[in-house]
Each structure stands twice: as structure tokens, then as C-alpha cells.
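Engineer: Quick one: structure below, then a few questions.
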Amino acid sequence: MIGGSTEILGDHQARHDLPKKPDAGRLREFRSAALPSLEQNLFSEAPLYLDLEEALLANYLRFLAGKLGSGHAVVAALLDGRTPEEAAKRYVSTTKLNDPAERKRLAKEAGAMESSSDGMIEFARKMDPAARALRKRYEDEVESVVTRAAAEIAKARFKIYGASEYPDATFTLRLAYGSVRGYKDENGNAVPFRTTLAGLFPKARNEEPYILPESWLKAKPKLNLKTPFNFVATADTHGGNSGSATLNTKGEVVGILFDGNLESLPKRFIYSDTTARSVHVSIESVWEALEKIYGAKELLKELR
């Protein structure tokens, strides 16, 4: 993404300034050990699609304005009197960061970032001070506290459970077992184990987060509305597991993990299947959408 390229370039030419700024003074992703992979990403020849970048940036600006208010200093600076769509169009239409050669030039030439009038670099300049301040606050007041607490909780659990306690994941293959099962929310209301496509359309309206693409609305008559859409399971999952395949006892892919309910948040420290659930999109709804909404028949042949 152009935004990612801007962020990388925005740390004052990582390679060029490395001798001037010691590792201890740099953000962790810009330290010397990370530079090879960082530069591989920064100078990649992979294409960037400006219409997609513009849509993503407009969505981000709408989100900021909705959460912080249009009068917030950072939001006001980013929008500069424009709508989120207009501002995104201006930033993206005046950038050259989609060109790898331009990114290499900016990273190599001393002072190039400071003198650049590139639209996305202007966006980064406006965001950078507030973003760094919030990041420092998060690292000092949240991240460090959670890290210390996790270590203490792990020690306590080991003292209680000993070797029967399974270890933390270490970037190796990990399987989480569970059953598909509904639950009761904090008010005692029964939450079913799955939803269907039929439940999607009554909620659709022209406002976030319930905006349905026009392609979905037009395809409604063709869809089997009884098709399972999402389902919940007791599998012990957490942040970082999103995108994992969900398998049944036959080893067949039946879904894709993408979220957890609010009751699952404490599972970072202790597992319980009373109300905590992982949330999965049903593979049946994926097939239904690919075939009847997107017309991706060749892709379906490959997947099946």
C-alpha cells in the first residue's frame, strides 16, 4: 500500500540516516536488523492500484472523522476543508510513491523527504507527530503493562498446572480443537451457533457498518438465503489467528477464522468455553458468493 510506503519512508530515510541515529533511538521496525526485509518491501516492483489506494484512504479518513470528529486538530489538518473522498483523491492523485524508482530516490537522497511535495508524504507529515505520541503512550501505558502481566500470569499458571499446561505458540503449527456451539450473552439471551445469508439483508442500510455492496443487493434473488454465513466455535483462538482454516473431523475446510466475540477477550490469559467463542465465515457462503455474486467460476473450479 502507498500508505505503508509513506510510513517507511517517513522515518527519515532508514538506510541513509542509520549512521546518524543509533538503533535505540529508532522505532523497532526501522532498526538495523529489520532493514533488509523493510527495504525488500519498500522497493518491491509489485504493482499498486491507485483506485484501491484512494478507496482505502477515503474509508480511513471517514473512520477518523467519525471517531474523533471533524473538528479534531489532526482530522481537520488531514481533510483541509474537504470531504474524506475529496481529500483521499487529492493525496493519491498527487503521489509518485507507486513508482519504485521514486521510492528509491527518496530513501537515498538526503533531505528529499523534507522538500518533497508528494501528496502521500504530505499526508504522512500531518499524521506523524500525533501518531508517534499515541504510539509512545500505548507502548508505555498498555503494551508494557500487558507484557509484564502476561509473564506473571504465565508463572502463576505454571505453578498451579505444572507440565500439564500447554506452551505458548512459537510460530510453529498449532491446532486448536473445539466444537460449534451457541452461547448465552451477558443478558442471558441465547445466541445461535450460526447465522444465514437471510439475516444479512434486513440489516442492510446506507450507513456504516451496514452498507451492502450493490452487487450483493442485486444478487439477492439468486442466492440461497438458507446458506450458513458465519458460525461460532469453542476453539481457543486469539489475535493473530485470523485467516486460519477451520477444519472438520474429516480434515475438510468448512470455514475461515476471522474474529472472536467480546466474551473471548479474556482468553489471552485464561481459556473458558462458557461464553467465549471464535467466529468463522462458513465456506458455504464463500462458494455461494463466488458463484452467484462475483461469477468467479474458474476460481471455484480451482478451489473445489
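Just so we're on the same page: first chain in the C-alpha cells is A, next is B, and so on; residues restart at 1 for each chain, and ligands are numbered from 1 in the order they show up.
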From a DSSP pass on the backbone, collect the residues of stretch 18-214 of chain A flagged as strand (DSSP E or B) and hand them back as a short mmCIF file (atom, residue, chain, number, x, y, z; two decimals) with N, CA and C atoms, in the first residue's frame.
Structural biologist:
data_model
loop_
_atom_site.label_atom_id
_atom_site.label_comp_id
_atom_site.auth_asym_id
_atom_site.auth_seq_id
_atom_site.Cartn_x
_atom_site.Cartn_y
_atom_site.Cartn_z
N VAL A 180 -18.62 -26.56 17.50
CA VAL A 180 -19.53 -25.49 17.08
C VAL A 180 -20.69 -25.47 18.07
N TYR A 183 -24.23 -19.90 22.58
CA TYR A 183 -23.97 -19.49 23.97
C TYR A 183 -25.02 -18.48 24.41
N LYS A 184 -24.95 -18.07 25.65
CA LYS A 184 -25.82 -17.03 26.17
C LYS A 184 -24.99 -15.79 26.47
N ALA A 190 -30.06 -16.19 24.35
CA ALA A 190 -29.42 -17.26 23.59
C ALA A 190 -28.91 -16.72 22.26
N VAL A 191 -27.65 -16.97 21.98
CA VAL A 191 -27.03 -16.59 20.70
C VAL A 191 -26.84 -17.87 19.90
N ARG A 194 -25.01 -20.25 14.54
CA ARG A 194 -24.71 -19.77 13.19
C ARG A 194 -25.73 -18.74 12.73
N THR A 195 -25.33 -17.99 11.71
CA THR A 195 -26.23 -17.08 11.01
C THR A 195 -26.37 -17.57 9.58
N THR A 196 -27.32 -17.02 8.85
CA THR A 196 -27.50 -17.38 7.44
C THR A 196 -27.49 -16.12 6.59
#
Engineer: Name the residues in contact with stretch 209-216 of chain A at a cut-off of 9 Å, using only C-alpha atoms, excluding same-chain residues fewer than 5 positions from it; report them as a PDB file with C-alpha atoms, in the first residue's frame.
Structural biologist:
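Listed below is the output, around_25.pdb:
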ATOM      1  CA  LEU A 200     -27.817 -10.195   6.289  1.00  0.00           C
ATOM      2  CA  PHE A 201     -30.283  -8.252   4.133  1.00  0.00           C
ATOM      3  CA  LYS A 203     -29.862  -5.177   8.477  1.00  0.00           C
ATOM      4  CA  ALA A 204     -28.571  -3.547   5.282  1.00  0.00           C
ATOM      5  CA  ALA A 289     -20.848 -15.526  -3.171  1.00  0.00           C
ATOM      6  CA  ILE A 293     -22.391 -12.633  -6.882  1.00  0.00           C
ATOM      7  CA  TYR A 294     -18.906 -12.475  -8.382  1.00  0.00           C
TER       8      TYR A 294
END
Engineer: Taking only C-alpha atoms into account, which of A:Ala156, A:Val279, A:Ile121, A:Ala46 comes nearest A:Phe258?
Structural biologist: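 Checking each of A:Ala156, A:Val279, A:Ile121, A:Ala46 against A:Phe258, counting only C-alpha atoms, the winner is A:Val279.
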Engineer: Mind checking which residues fall within 6 Å of A:His280, counting only C-alpha atoms, ignoring those fewer than 4 positions away in the same chain, and posting them as number ranges by chain?
Structural biologist: A: 230-231, 255-258
